[in-house]
$ cat work-v4.cif   # mmCIF, C-alpha atoms (C1' of nucleotides)
data_model
loop_
_atom_site.label_atom_id
_atom_site.label_comp_id
_atom_site.auth_asym_id
_atom_site.auth_seq_id
_atom_site.Cartn_x
_atom_site.Cartn_y
_atom_site.Cartn_z
CA MET A 1 0.00 0.00 0.00
CA ASP A 2 1.65 3.16 -1.24
CA PRO A 3 5.19 2.03 -0.58
CA ASP A 4 6.83 5.14 -1.92
CA GLY A 5 4.42 7.75 -0.59
CA THR A 6 3.25 8.90 -3.99
CA LEU A 7 -0.43 8.42 -3.27
CA ALA A 8 -1.05 11.24 -0.84
CA PHE A 9 -0.13 14.00 -3.29
CA ALA A 10 -1.61 12.37 -6.39
CA SER A 11 -5.28 12.26 -7.22
CA HIS A 12 -6.49 8.76 -6.57
CA ASP A 13 -9.51 6.69 -5.64
CA HIS A 14 -9.55 7.74 -2.03
CA ALA A 15 -12.51 5.59 -1.03
CA ALA A 16 -10.52 2.53 -2.05
CA CYS A 17 -7.40 3.96 -0.41
CA ARG A 18 -9.24 4.49 2.85
CA ASP A 19 -11.04 1.15 2.80
CA GLY A 20 -7.84 -0.67 1.99
CA ALA A 21 -5.98 0.97 4.85
CA MET A 22 -8.85 0.18 7.20
CA ALA A 23 -9.01 -3.44 6.13
CA HIS A 24 -5.27 -3.74 6.48
CA ALA A 25 -5.38 -2.23 9.97
CA GLU A 26 -8.15 -4.60 10.99
CA ALA A 27 -6.20 -7.59 9.76
CA VAL A 28 -3.13 -6.47 11.68
CA ALA A 29 -5.17 -5.89 14.83
CA GLU A 30 -6.77 -9.29 14.48
CA ALA A 31 -3.41 -10.96 13.99
CA LYS A 32 -1.88 -9.27 17.00
CA GLY A 33 -4.89 -9.75 19.24
CA LEU A 34 -5.43 -6.00 19.65
CA ARG A 35 -8.83 -4.65 20.58
CA LEU A 36 -9.91 -2.26 17.86
CA THR A 37 -12.90 -1.02 19.84
CA PRO A 38 -15.59 1.34 18.46
CA VAL A 39 -13.93 4.59 19.57
CA ARG A 40 -10.55 3.44 18.32
CA ARG A 41 -11.92 2.23 15.04
CA ARG A 42 -13.87 5.42 14.55
CA ALA A 43 -10.86 7.56 15.39
CA LEU A 44 -8.87 5.72 12.77
CA GLU A 45 -11.64 6.12 10.21
CA ILE A 46 -11.69 9.84 10.90
CA LEU A 47 -7.94 10.09 10.37
CA LEU A 48 -8.26 8.09 7.17
CA GLU A 49 -10.73 10.50 5.63
CA SER A 50 -7.99 12.70 4.26
CA HIS A 51 -4.26 12.84 3.73
CA GLN A 52 -3.93 15.51 6.33
CA ALA A 53 -3.00 15.56 9.98
CA LEU A 54 -5.77 16.25 12.48
CA GLY A 55 -5.45 17.75 15.94
CA ALA A 56 -6.65 15.69 18.87
CA TYR A 57 -9.46 18.15 19.48
CA ASP A 58 -10.61 17.90 15.87
CA VAL A 59 -10.88 14.16 16.27
CA LEU A 60 -12.56 14.65 19.64
CA ASP A 61 -15.23 16.91 18.15
CA ARG A 62 -16.04 14.31 15.55
CA LEU A 63 -16.19 11.53 18.11
CA ALA A 64 -18.39 13.56 20.42
CA GLU A 65 -20.83 14.30 17.58
CA GLU A 66 -21.18 10.60 17.13
CA GLY A 67 -22.05 9.82 20.70
CA PHE A 68 -18.67 9.09 22.21
CA GLY A 69 -17.33 10.97 25.20
CA ARG A 70 -16.63 14.66 24.75
CA GLN A 71 -13.67 15.03 27.08
CA PRO A 72 -10.07 15.27 25.81
CA PRO A 73 -8.88 11.94 27.21
CA VAL A 74 -11.36 10.14 24.99
CA ALA A 75 -9.53 11.33 21.90
CA TYR A 76 -6.06 11.24 23.36
CA ARG A 77 -6.45 7.67 24.51
CA ALA A 78 -7.80 6.44 21.22
CA LEU A 79 -5.02 8.23 19.36
CA GLU A 80 -2.41 6.95 21.77
CA PHE A 81 -3.57 3.41 21.09
CA LEU A 82 -3.40 3.94 17.35
CA VAL A 83 0.08 5.43 17.52
CA GLU A 84 1.38 2.83 19.95
CA HIS A 85 0.38 0.02 17.66
CA GLY A 86 1.44 1.63 14.45
CA PHE A 87 -1.96 2.51 12.99
CA ALA A 88 -1.28 6.22 13.17
CA HIS A 89 1.57 8.65 13.58
CA ARG A 90 2.02 11.72 15.64
CA ILE A 91 3.29 14.73 13.69
CA ARG A 92 5.20 16.73 16.28
CA ARG A 93 5.56 19.84 14.17
CA LEU A 94 1.82 20.13 13.87
CA ASN A 95 0.77 18.81 17.26
CA ALA A 96 -1.43 16.50 15.27
CA PHE A 97 -2.06 12.95 14.20
CA ALA A 98 -2.37 11.13 10.89
CA ALA A 99 -3.30 7.62 9.83
CA CYS A 100 -0.38 5.41 8.92
CA MET A 101 -0.25 4.43 5.27
CA HIS A 102 1.73 1.25 5.96
CA PRO A 103 0.21 -0.43 8.98
CA GLY A 104 2.02 -3.59 9.94
CA GLU A 105 5.20 -2.81 8.03
CA ALA A 106 8.24 -1.74 9.99
CA HIS A 107 9.26 1.64 8.63
CA VAL A 108 10.73 4.97 9.61
CA PRO A 109 8.37 7.56 8.23
CA VAL A 110 9.50 10.84 6.75
CA PHE A 111 6.60 13.26 6.84
CA LEU A 112 6.20 15.78 4.08
CA ILE A 113 3.91 18.58 5.11
CA CYS A 114 2.56 20.95 2.48
CA SER A 115 2.42 24.43 3.96
CA ALA A 116 -0.14 25.54 1.39
CA CYS A 117 -2.79 22.81 1.46
CA ASN A 118 -1.86 20.99 4.67
CA GLY A 119 -1.49 17.78 2.71
CA LEU A 120 0.67 15.14 4.33
CA ALA A 121 2.64 12.35 2.73
CA GLU A 122 4.79 9.64 4.19
CA ALA A 123 8.02 9.21 2.25
CA PRO A 124 10.29 6.22 2.72
CA GLY A 125 12.82 6.94 5.44
CA ALA A 126 15.22 4.01 5.48
CA ALA A 127 18.07 5.99 3.91
CA VAL A 128 17.40 8.98 6.12
CA ALA A 129 17.39 6.81 9.21
CA THR A 130 20.70 5.29 8.21
CA ALA A 131 22.24 8.71 7.65
CA LEU A 132 20.92 9.84 11.02
CA ARG A 133 22.43 6.86 12.83
CA GLN A 134 25.73 7.49 11.10
CA SER A 135 25.59 11.08 12.25
CA ALA A 136 24.79 10.11 15.84
CA GLY A 137 27.25 7.22 16.03
CA PRO A 138 30.46 9.22 16.44
CA LEU A 139 28.93 10.95 19.45
CA GLY A 140 28.26 7.64 21.13
CA PHE A 141 24.53 8.34 21.14
CA ARG A 142 22.18 5.36 20.95
CA VAL A 143 19.15 6.29 18.86
CA GLU A 144 15.85 4.79 19.98
CA ARG A 145 13.21 6.84 18.22
CA MET A 146 13.33 9.54 15.63
CA SER A 147 11.03 12.08 14.08
CA ILE A 148 11.82 13.35 10.64
CA GLU A 149 9.53 15.99 9.24
CA ALA A 150 9.79 18.38 6.34
CA VAL A 151 7.69 21.41 5.49
CA GLY A 152 7.42 22.60 1.93
CA LEU A 153 5.20 22.57 -1.11
CA CYS A 154 3.50 19.55 -2.63
CA PRO A 155 3.47 19.22 -6.43
CA ALA A 156 0.00 20.72 -6.83
CA CYS A 157 0.76 23.74 -4.68
CA GLN A 158 3.99 24.51 -6.54
CA GLU A 159 2.07 25.43 -9.65
CA GLY A 160 1.76 29.13 -10.23
CA ASP A 161 4.26 29.61 -7.45
CA GLU A 162 7.53 29.01 -9.26
CA MET B 8 32.77 25.73 17.59
CA ASP B 9 31.83 22.10 18.20
CA PRO B 10 31.48 21.23 14.51
CA ASP B 11 30.68 17.58 15.13
CA GLY B 12 28.42 17.90 18.15
CA THR B 13 30.75 16.05 20.49
CA LEU B 14 30.87 18.78 23.10
CA ALA B 15 27.38 18.52 24.55
CA PHE B 16 27.75 14.95 25.75
CA ALA B 17 31.39 15.21 26.82
CA SER B 18 32.60 16.88 29.99
CA HIS B 19 34.14 20.17 29.03
CA ASP B 20 34.88 23.66 30.25
CA HIS B 21 31.33 24.88 29.97
CA ALA B 22 32.06 28.43 31.11
CA ALA B 23 34.36 28.79 28.10
CA CYS B 24 31.83 27.00 25.90
CA ARG B 25 29.07 29.37 26.95
CA ASP B 26 31.20 32.50 26.71
CA GLY B 27 32.48 31.48 23.31
CA ALA B 28 28.98 30.92 21.98
CA MET B 29 27.84 34.22 23.41
CA ALA B 30 30.76 36.11 21.91
CA HIS B 31 30.16 34.43 18.59
CA ALA B 32 26.47 35.33 18.68
CA GLU B 33 27.28 38.92 19.49
CA ALA B 34 29.73 39.13 16.62
CA VAL B 35 27.14 37.72 14.24
CA ALA B 36 24.47 40.12 15.50
CA GLU B 37 26.86 43.03 15.13
CA ALA B 38 27.79 41.99 11.61
CA LYS B 39 24.18 41.64 10.54
CA GLY B 40 22.97 44.77 12.29
CA LEU B 41 20.62 42.87 14.57
CA ARG B 42 19.55 44.34 17.87
CA LEU B 43 20.55 41.95 20.61
CA THR B 44 18.60 43.85 23.27
CA PRO B 45 18.76 43.07 27.00
CA VAL B 46 15.83 40.58 27.07
CA ARG B 47 17.07 38.83 23.98
CA ARG B 48 20.62 38.67 25.22
CA ARG B 49 19.52 37.42 28.60
CA ALA B 50 17.24 34.80 27.04
CA LEU B 51 20.19 33.53 25.03
CA GLU B 52 22.41 33.46 28.10
CA ILE B 53 19.80 31.43 29.91
CA LEU B 54 19.63 28.91 27.07
CA LEU B 55 23.41 28.74 27.02
CA GLU B 56 23.65 27.74 30.67
CA SER B 57 23.25 24.07 29.85
CA HIS B 58 23.15 21.64 26.98
CA GLN B 59 19.47 21.07 27.50
CA ALA B 60 16.33 22.44 25.94
CA LEU B 61 14.22 24.82 28.01
CA GLY B 62 10.51 25.47 27.74
CA ALA B 63 9.37 29.01 26.98
CA TYR B 64 7.85 29.25 30.44
CA ASP B 65 11.10 28.18 32.08
CA VAL B 66 12.87 30.98 30.27
CA LEU B 67 10.03 33.34 31.13
CA ASP B 68 10.32 32.56 34.85
CA ARG B 69 14.01 33.34 34.76
CA LEU B 70 13.46 36.56 32.87
CA ALA B 71 10.69 37.66 35.22
CA GLU B 72 12.92 37.04 38.26
CA GLU B 73 15.39 39.40 36.75
CA GLY B 74 13.00 42.24 36.25
CA PHE B 75 11.76 41.67 32.73
CA GLY B 76 8.08 41.27 31.94
CA ARG B 77 6.31 38.25 33.33
CA GLN B 78 3.84 37.58 30.55
CA PRO B 79 4.31 34.80 28.00
CA PRO B 80 4.85 37.03 24.98
CA VAL B 81 8.00 38.41 26.59
CA ALA B 82 9.64 35.00 26.41
CA TYR B 83 8.06 33.93 23.15
CA ARG B 84 9.15 37.07 21.39
CA ALA B 85 12.72 36.88 22.61
CA LEU B 86 12.91 33.20 21.66
CA GLU B 87 11.31 33.86 18.30
CA PHE B 88 13.97 36.45 17.58
CA LEU B 89 16.75 34.06 18.57
CA VAL B 90 15.34 31.25 16.42
CA GLU B 91 14.61 33.49 13.47
CA HIS B 92 18.18 34.69 13.34
CA GLY B 93 19.81 31.37 14.02
CA PHE B 94 20.94 31.93 17.61
CA ALA B 95 18.65 29.23 18.95
CA HIS B 96 16.63 26.28 17.75
CA ARG B 97 13.17 25.09 18.52
CA ILE B 98 12.96 21.42 19.50
CA ARG B 99 9.47 20.38 18.40
CA ARG B 100 9.46 17.07 20.18
CA LEU B 101 10.02 18.80 23.48
CA ASN B 102 8.07 22.00 22.90
CA ALA B 103 11.26 23.68 23.93
CA PHE B 104 14.19 25.81 22.83
CA ALA B 105 17.95 25.45 22.90
CA ALA B 106 20.88 27.68 22.08
CA CYS B 107 22.49 27.03 18.74
CA MET B 108 26.01 25.69 18.94
CA HIS B 109 26.99 27.03 15.52
CA PRO B 110 25.60 30.53 15.22
CA GLY B 111 26.33 32.10 11.88
CA GLU B 112 27.10 28.85 10.08
CA ALA B 113 24.49 27.50 7.70
CA HIS B 114 23.61 24.03 8.90
CA VAL B 115 20.78 21.55 9.19
CA PRO B 116 20.80 20.46 12.80
CA VAL B 117 20.07 16.92 13.91
CA PHE B 118 19.00 16.99 17.53
CA LEU B 119 19.95 14.14 19.79
CA ILE B 120 17.83 14.12 22.91
CA CYS B 121 18.85 11.94 25.83
CA SER B 122 15.72 10.51 27.43
CA ALA B 123 17.55 9.87 30.69
CA CYS B 124 19.32 13.15 31.44
CA ASN B 125 17.58 15.50 29.00
CA GLY B 126 20.91 16.36 27.48
CA LEU B 127 20.77 17.75 23.98
CA ALA B 128 23.40 17.62 21.25
CA GLU B 129 23.43 18.97 17.74
CA ALA B 130 24.86 16.44 15.30
CA PRO B 131 25.86 17.38 11.77
CA GLY B 132 22.91 16.94 9.43
CA ALA B 133 24.18 17.54 5.93
CA ALA B 134 24.05 13.87 4.96
CA VAL B 135 20.64 13.43 6.58
CA ALA B 136 19.29 16.46 4.77
CA THR B 137 20.56 15.09 1.47
CA ALA B 138 18.93 11.73 2.10
CA LEU B 139 15.70 13.48 3.02
CA ARG B 140 15.66 15.52 -0.16
CA GLN B 141 16.32 12.39 -2.18
CA SER B 142 13.41 10.73 -0.46
CA ALA B 143 11.09 13.66 -1.11
CA GLY B 144 12.23 14.28 -4.68
CA PRO B 145 10.38 11.43 -6.38
CA LEU B 146 7.13 12.70 -4.89
CA GLY B 147 7.66 16.11 -6.44
CA PHE B 148 7.74 17.71 -3.02
CA ARG B 149 9.80 20.86 -2.57
CA VAL B 150 11.40 20.84 0.87
CA GLU B 151 11.69 24.21 2.56
CA ARG B 152 12.35 23.43 6.20
CA MET B 153 12.99 20.25 8.07
CA SER B 154 13.14 19.07 11.64
CA ILE B 155 15.19 16.01 12.43
CA GLU B 156 15.16 14.84 16.01
CA ALA B 157 16.20 11.62 17.68
CA VAL B 158 15.47 10.37 21.18
CA GLY B 159 17.80 7.89 22.81
CA LEU B 160 20.60 7.57 25.31
CA CYS B 161 23.74 9.67 25.49
CA PRO B 162 27.05 7.93 26.19
CA ALA B 163 26.99 8.67 29.93
CA CYS B 164 23.43 7.40 30.37
CA GLN B 165 24.14 4.15 28.54
CA GLU B 166 26.43 2.99 31.33
CA GLY B 167 24.90 0.43 33.62
CA ASP B 168 22.06 0.20 31.17
CA GLU B 169 23.50 -2.14 28.54
"C1'" DC C 13 11.97 67.70 17.51
"C1'" DT C 14 8.90 64.87 15.13
"C1'" DT C 15 7.79 60.83 12.54
"C1'" DG C 16 8.01 55.95 11.64
"C1'" DA C 17 9.84 51.46 12.72
"C1'" DC C 18 10.76 48.59 16.18
"C1'" DT C 19 10.69 46.84 20.97
"C1'" DA C 20 8.67 45.67 25.36
"C1'" DG C 21 5.07 45.52 28.24
"C1'" DT C 22 0.14 44.41 29.39
"C1'" DT C 23 -4.58 41.72 29.51
"C1'" DA C 24 -7.09 38.19 27.80
"C1'" DT C 25 -7.82 34.04 25.53
"C1'" DC C 26 -6.95 29.93 22.96
"C1'" DT C 27 -5.00 25.41 22.06
"C1'" DT C 28 -2.89 21.24 23.45
"C1'" DA C 29 -2.26 17.70 26.91
"C1'" DT C 30 -2.51 15.09 31.30
"C1'" DA C 31 -3.70 13.72 36.18
"C1'" DA C 32 -6.89 11.47 39.01
"C1'" DC C 33 -10.74 9.15 39.84
"C1'" DA C 34 -15.47 6.44 38.84
"C1'" DT C 35 -17.81 3.14 36.05
"C1'" DA C 36 -18.31 -0.39 32.84
"C1'" DT C 37 -16.68 -4.07 29.99
"C1'" DT C 38 -13.96 -8.08 28.75
"C1'" DC C 39 -11.94 -12.21 29.48
"C1'" DC C 40 -9.66 -15.62 32.06
"C1'" DT C 41 -10.01 -18.96 35.90
"C1'" DT C 42 -12.26 -21.90 38.58
"C1'" DA D 27 -21.88 -19.45 35.58
"C1'" DA D 28 -19.49 -16.51 39.22
"C1'" DG D 29 -15.41 -14.22 40.85
"C1'" DG D 30 -11.79 -11.39 40.03
"C1'" DA D 31 -8.00 -9.16 37.33
"C1'" DA D 32 -7.12 -6.43 33.59
"C1'" DT D 33 -8.64 -3.37 30.25
"C1'" DA D 34 -11.45 0.28 28.44
"C1'" DT D 35 -14.47 4.35 28.77
"C1'" DG D 36 -16.16 8.08 30.83
"C1'" DT D 37 -15.97 12.10 33.98
"C1'" DT D 38 -14.00 16.58 36.40
"C1'" DA D 39 -10.36 19.44 36.89
"C1'" DT D 40 -6.12 21.48 35.77
"C1'" DA D 41 -1.57 21.88 33.72
"C1'" DA D 42 1.25 23.38 29.98
"C1'" DG D 43 2.13 25.68 25.73
"C1'" DA D 44 1.09 29.54 22.53
"C1'" DT D 45 -0.92 33.70 20.43
"C1'" DA D 46 -4.02 37.90 19.52
"C1'" DA D 47 -4.68 42.57 20.32
"C1'" DC D 48 -3.66 46.61 22.35
"C1'" DT D 49 -0.61 50.32 24.90
"C1'" DA D 50 3.45 52.59 25.73
"C1'" DG D 51 8.28 53.39 25.45
"C1'" DT D 52 12.79 53.74 22.53
"C1'" DC D 53 15.57 55.24 18.98
"C1'" DA D 54 17.50 56.66 14.85
"C1'" DA D 55 16.67 59.37 10.41
"C1'" DG D 56 15.03 63.27 8.37
#
$ encode --input "work-v4.cif" --output "C-alpha cells"
Amino acid sequence: MDPDGTLAFASHDHAACRDGAMAHAEAVAEAKGLRLTPVRRRALEILLESHQALGAYDVLDRLAEEGFGRQPPVAYRALEFLVEHGFAHRIRRLNAFAACMHPGEAHVPVFLICSACNGLAEAPGAAVATALRQSAGPLGFRVERMSIEAVGLCPACQEGDE
Amino acid sequence: MDPDGTLAFASHDHAACRDGAMAHAEAVAEAKGLRLTPVRRRALEILLESHQALGAYDVLDRLAEEGFGRQPPVAYRALEFLVEHGFAHRIRRLNAFAACMHPGEAHVPVFLICSACNGLAEAPGAAVATALRQSAGPLGFRVERMSIEAVGLCPACQEGDE
DNA sequence: CTTGACTAGTTATCTTATAACATATTCCTT
DNA sequence: AAGGAATATGTTATAAGATAACTAGTCAAG
C-alpha cells in the first residue's frame, strides 16, 4: 500500500485507499490480538478521511458528535492506542495525528507537510534513518526513536508559485 | 565551535563553551545589524547555561525574576527572535528551545535528545538532509524546512544500562 | 523635535495535553 | 456461571504551551 508515498499527493480513488488501509489495519489488529474497539476504530476512520493531519481536538469533536465521550482523554487515549500500535503517527511539528499508510510494516516515516494545502505524505525513510544513525554514532549516542519531518510545497501547490 | 556535536555529551569547560557561543552570537548580530537587546541577550544566556532544551515558560520565569516582563509574549518574542536569526533552535518534540552551537554557520541540525538526562546535542545533518531531499524528490515535493530529532541515550546514560 | 519602525510591556484568551478518579466491559479462571 | 483481574471508557479538573490585540516606550533618520 503506497510504498513510496506517492499516493497522498496524487489524485487517486480515495474511497478505495481508505477502505484498503482500514481493512489492512483490521487484519493487523486481528493478527496481534489487539482490541480495535468502536472509539478506536472510529478515530482511525476519521484520520483516514484525508491525507492531512488532524489535531486531537478535531478528532474529539467528531467523536463527540457521534455519541462518544466529549472530554479530551477520549480522543487522546484512542489516538495513543493507534500510535502505539502503528496505525497512526504523531506529527510533532503540527501537534497532530495522521493515519499510517503502511500499517504492519516496519518503517521509519518521513513526513512531508505541504504548507499551502496541509497535505501530508509519508516518504520512505530508510536511507534517512541510516544517515541519522551514522551522524549520531560518532557521538556515542544510541538512537531509539526519531522524528523526521519536512515542510514545503507539494506538487499541486507549486504550480503558479515558481 | 563544536562542529561535530561532540561537546554537549562530553565533559568540558562549559564556562568557556558558553562564553564562546555568546561572543560568537554577538559578533554575528553586530555583523548583521541585529539588535541583541537586554531581554534577547539574557534569554540567550539562559539557554546557554546548559546543553538542554528549556521550555518558553522556564525561560520566562528566569526573565521575570530578573525584572523583565512576566507575561508569555515576553519570552516567546525573545525566543522567536533568537530562532529566526539562528541563535537558537526550537525542538518540536520537546516543545522547547535550545541555544544554537553554531551561530552564523548554515547548517541543518540533527538533535539528539537523551531521554535519561535531557541532554541535547546537535549532530551534523548535511548527509541526513541530502537523504531526506532524495526521499522527497520522487514525490515532487519541494522541501523548505525540516526538523530532524532523535530520542535515545547519550554515552553517559548508557552505562549500567546495557 | 517629530515621525516611523521597532521593541517591550500588558490583559485576555486559545490550544494542546494530562492527572486522578469512577464506572463499565472483557476475558480468564475456577 | 461466578469471581476477580485487567482493560477500556467516561468524567471533572487542571496543567502546559502559545498567540491575539492593544498600549506605551525607545531610537535613529530626516
$ resolve_selection --input "work-v4.cif" --expression "the PyMOL selection byres ((chain C and resi 16-30) around 8)" --output "JSON, numbers by chain"
{"A": [95], "B": [76, 78, 81], "C": [15, 31], "D": [41, 42, 43, 44, 45, 49, 50, 51, 52]}
$ calpha_fit_and_write --input "work-v4.cif" --fixed "chain A" --moving "chain B" --output "compact mmCIF listing (two decimals) with C-alpha atoms, in the frame of the given file"
# COMPACT_ATOMS: atom_id res chain seq x y z
CA MET B 8 0.03 -0.02 0.03
CA ASP B 9 1.65 3.18 -1.22
CA PRO B 10 5.22 2.02 -0.55
CA ASP B 11 6.82 5.16 -1.93
CA GLY B 12 4.43 7.77 -0.58
CA THR B 13 3.24 8.90 -3.99
CA LEU B 14 -0.44 8.41 -3.26
CA ALA B 15 -1.06 11.27 -0.85
CA PHE B 16 -0.12 14.01 -3.28
CA ALA B 17 -1.59 12.38 -6.38
CA SER B 18 -5.28 12.27 -7.23
CA HIS B 19 -6.49 8.78 -6.57
CA ASP B 20 -9.52 6.73 -5.64
CA HIS B 21 -9.53 7.75 -2.02
CA ALA B 22 -12.52 5.63 -1.03
CA ALA B 23 -10.52 2.56 -2.06
CA CYS B 24 -7.40 3.98 -0.41
CA ARG B 25 -9.24 4.51 2.86
CA ASP B 26 -11.03 1.17 2.79
CA GLY B 27 -7.83 -0.64 1.97
CA ALA B 28 -5.99 0.97 4.86
CA MET B 29 -8.85 0.20 7.20
CA ALA B 30 -9.02 -3.43 6.11
CA HIS B 31 -5.28 -3.73 6.48
CA ALA B 32 -5.40 -2.22 9.97
CA GLU B 33 -8.15 -4.59 10.99
CA ALA B 34 -6.20 -7.57 9.73
CA VAL B 35 -3.14 -6.46 11.66
CA ALA B 36 -5.18 -5.89 14.83
CA GLU B 37 -6.78 -9.30 14.45
CA ALA B 38 -3.41 -10.96 13.94
CA LYS B 39 -1.89 -9.29 16.98
CA GLY B 40 -4.92 -9.75 19.21
CA LEU B 41 -5.46 -6.03 19.64
CA ARG B 42 -8.86 -4.68 20.54
CA LEU B 43 -9.92 -2.26 17.85
CA THR B 44 -12.92 -1.03 19.85
CA PRO B 45 -15.59 1.32 18.47
CA VAL B 46 -13.91 4.60 19.57
CA ARG B 47 -10.55 3.45 18.34
CA ARG B 48 -11.92 2.23 15.05
CA ARG B 49 -13.88 5.41 14.54
CA ALA B 50 -10.86 7.57 15.41
CA LEU B 51 -8.87 5.72 12.77
CA GLU B 52 -11.63 6.13 10.21
CA ILE B 53 -11.68 9.84 10.90
CA LEU B 54 -7.93 10.10 10.37
CA LEU B 55 -8.25 8.09 7.18
CA GLU B 56 -10.74 10.50 5.64
CA SER B 57 -7.99 12.69 4.24
CA HIS B 58 -4.27 12.84 3.71
CA GLN B 59 -3.93 15.52 6.33
CA ALA B 60 -3.01 15.55 9.98
CA LEU B 61 -5.77 16.24 12.49
CA GLY B 62 -5.46 17.73 15.94
CA ALA B 63 -6.65 15.67 18.90
CA TYR B 64 -9.44 18.15 19.49
CA ASP B 65 -10.60 17.90 15.89
CA VAL B 66 -10.88 14.15 16.29
CA LEU B 67 -12.54 14.63 19.67
CA ASP B 68 -15.21 16.91 18.18
CA ARG B 69 -16.02 14.32 15.57
CA LEU B 70 -16.18 11.54 18.12
CA ALA B 71 -18.38 13.58 20.45
CA GLU B 72 -20.82 14.33 17.60
CA GLU B 73 -21.18 10.64 17.13
CA GLY B 74 -22.04 9.85 20.69
CA PHE B 75 -18.68 9.08 22.21
CA GLY B 76 -17.35 10.97 25.21
CA ARG B 77 -16.61 14.64 24.79
CA GLN B 78 -13.65 15.00 27.10
CA PRO B 79 -10.06 15.22 25.84
CA PRO B 80 -8.87 11.91 27.24
CA VAL B 81 -11.35 10.10 25.00
CA ALA B 82 -9.52 11.32 21.92
CA TYR B 83 -6.05 11.20 23.40
CA ARG B 84 -6.47 7.64 24.53
CA ALA B 85 -7.80 6.42 21.22
CA LEU B 86 -5.01 8.22 19.36
CA GLU B 87 -2.41 6.93 21.78
CA PHE B 88 -3.57 3.39 21.10
CA LEU B 89 -3.41 3.93 17.34
CA VAL B 90 0.09 5.42 17.53
CA GLU B 91 1.37 2.83 19.96
CA HIS B 92 0.38 0.01 17.67
CA GLY B 93 1.45 1.62 14.45
CA PHE B 94 -1.96 2.50 13.00
CA ALA B 95 -1.29 6.22 13.18
CA HIS B 96 1.58 8.63 13.58
CA ARG B 97 2.03 11.72 15.64
CA ILE B 98 3.27 14.74 13.68
CA ARG B 99 5.18 16.78 16.26
CA ARG B 100 5.55 19.86 14.15
CA LEU B 101 1.80 20.14 13.84
CA ASN B 102 0.75 18.83 17.24
CA ALA B 103 -1.42 16.51 15.26
CA PHE B 104 -2.05 12.93 14.20
CA ALA B 105 -2.37 11.12 10.90
CA ALA B 106 -3.29 7.62 9.83
CA CYS B 107 -0.37 5.42 8.92
CA MET B 108 -0.23 4.44 5.28
CA HIS B 109 1.73 1.25 5.94
CA PRO B 110 0.21 -0.41 8.97
CA GLY B 111 2.01 -3.57 9.94
CA GLU B 112 5.19 -2.82 8.02
CA ALA B 113 8.22 -1.73 10.01
CA HIS B 114 9.26 1.64 8.66
CA VAL B 115 10.74 4.97 9.64
CA PRO B 116 8.36 7.55 8.24
CA VAL B 117 9.49 10.83 6.75
CA PHE B 118 6.60 13.26 6.85
CA LEU B 119 6.20 15.76 4.07
CA ILE B 120 3.90 18.57 5.10
CA CYS B 121 2.57 20.94 2.47
CA SER B 122 2.43 24.43 3.94
CA ALA B 123 -0.13 25.53 1.37
CA CYS B 124 -2.78 22.80 1.44
CA ASN B 125 -1.85 20.97 4.65
CA GLY B 126 -1.48 17.78 2.70
CA LEU B 127 0.65 15.13 4.33
CA ALA B 128 2.65 12.34 2.71
CA GLU B 129 4.79 9.63 4.18
CA ALA B 130 8.03 9.21 2.24
CA PRO B 131 10.29 6.22 2.70
CA GLY B 132 12.83 6.92 5.43
CA ALA B 133 15.23 4.01 5.49
CA ALA B 134 18.07 5.97 3.90
CA VAL B 135 17.40 8.98 6.12
CA ALA B 136 17.38 6.82 9.21
CA THR B 137 20.70 5.29 8.20
CA ALA B 138 22.24 8.71 7.65
CA LEU B 139 20.91 9.84 11.02
CA ARG B 140 22.41 6.88 12.83
CA GLN B 141 25.72 7.50 11.11
CA SER B 142 25.58 11.09 12.26
CA ALA B 143 24.78 10.13 15.84
CA GLY B 144 27.24 7.24 16.03
CA PRO B 145 30.44 9.24 16.46
CA LEU B 146 28.91 10.98 19.46
CA GLY B 147 28.24 7.66 21.14
CA PHE B 148 24.53 8.35 21.14
CA ARG B 149 22.16 5.39 20.98
CA VAL B 150 19.14 6.31 18.87
CA GLU B 151 15.85 4.83 20.00
CA ARG B 152 13.20 6.86 18.23
CA MET B 153 13.34 9.55 15.63
CA SER B 154 11.03 12.09 14.09
CA ILE B 155 11.82 13.36 10.63
CA GLU B 156 9.52 15.99 9.24
CA ALA B 157 9.79 18.38 6.33
CA VAL B 158 7.69 21.42 5.49
CA GLY B 159 7.43 22.59 1.91
CA LEU B 160 5.20 22.55 -1.13
CA CYS B 161 3.51 19.53 -2.66
CA PRO B 162 3.48 19.20 -6.45
CA ALA B 163 0.00 20.69 -6.86
CA CYS B 164 0.78 23.72 -4.69
CA GLN B 165 3.99 24.49 -6.55
CA GLU B 166 2.05 25.43 -9.67
CA GLY B 167 1.77 29.13 -10.26
CA ASP B 168 4.26 29.58 -7.49
CA GLU B 169 7.55 28.94 -9.29
$ closest_residue --input "work-v4.cif" --among "B:Ala85, B:Cys24, B:Ala95, B:Ala143" --to "chain C" --atoms "all atoms listed in the file"
B:Ala85
$ resolve_selection --input "work-v4.cif" --expression "the PyMOL selection byres ((chain A and resi 57-66) around 9)" --output "NGL selection string"
(:A and (39 or 42-43 or 46-47 or 54-56 or 67-76 or 79)) or (:C and (27-28))
$ write_last_selection --input "work-v4.cif" --atoms "C-alpha atoms (C1' of nucleotides)" --output "CSV table (one decimal), in the coordinates of the input"
chain,number,residue,atom,x,y,z
A,39,VAL,CA,-13.9,4.6,19.6
A,42,ARG,CA,-13.9,5.4,14.6
A,43,ALA,CA,-10.9,7.6,15.4
A,46,ILE,CA,-11.7,9.8,10.9
A,47,LEU,CA,-7.9,10.1,10.4
A,54,LEU,CA,-5.8,16.2,12.5
A,55,GLY,CA,-5.4,17.8,15.9
A,56,ALA,CA,-6.6,15.7,18.9
A,67,GLY,CA,-22.0,9.8,20.7
A,68,PHE,CA,-18.7,9.1,22.2
A,69,GLY,CA,-17.3,11.0,25.2
A,70,ARG,CA,-16.6,14.7,24.8
A,71,GLN,CA,-13.7,15.0,27.1
A,72,PRO,CA,-10.1,15.3,25.8
A,73,PRO,CA,-8.9,11.9,27.2
A,74,VAL,CA,-11.4,10.1,25.0
A,75,ALA,CA,-9.5,11.3,21.9
A,76,TYR,CA,-6.1,11.2,23.4
A,79,LEU,CA,-5.0,8.2,19.4
C,27,DT,C1',-5.0,25.4,22.1
C,28,DT,C1',-2.9,21.2,23.4
$ resolve_selection --input "work-v4.cif" --expression "the PyMOL selection byres ((chain A and resi 113) around 12)" --output "PyMOL selection string"
(chain A and resi 8-9+51-53+91-94+96+98+110-112+114-123+148-155+157) or (chain B and resi 143+148-154)
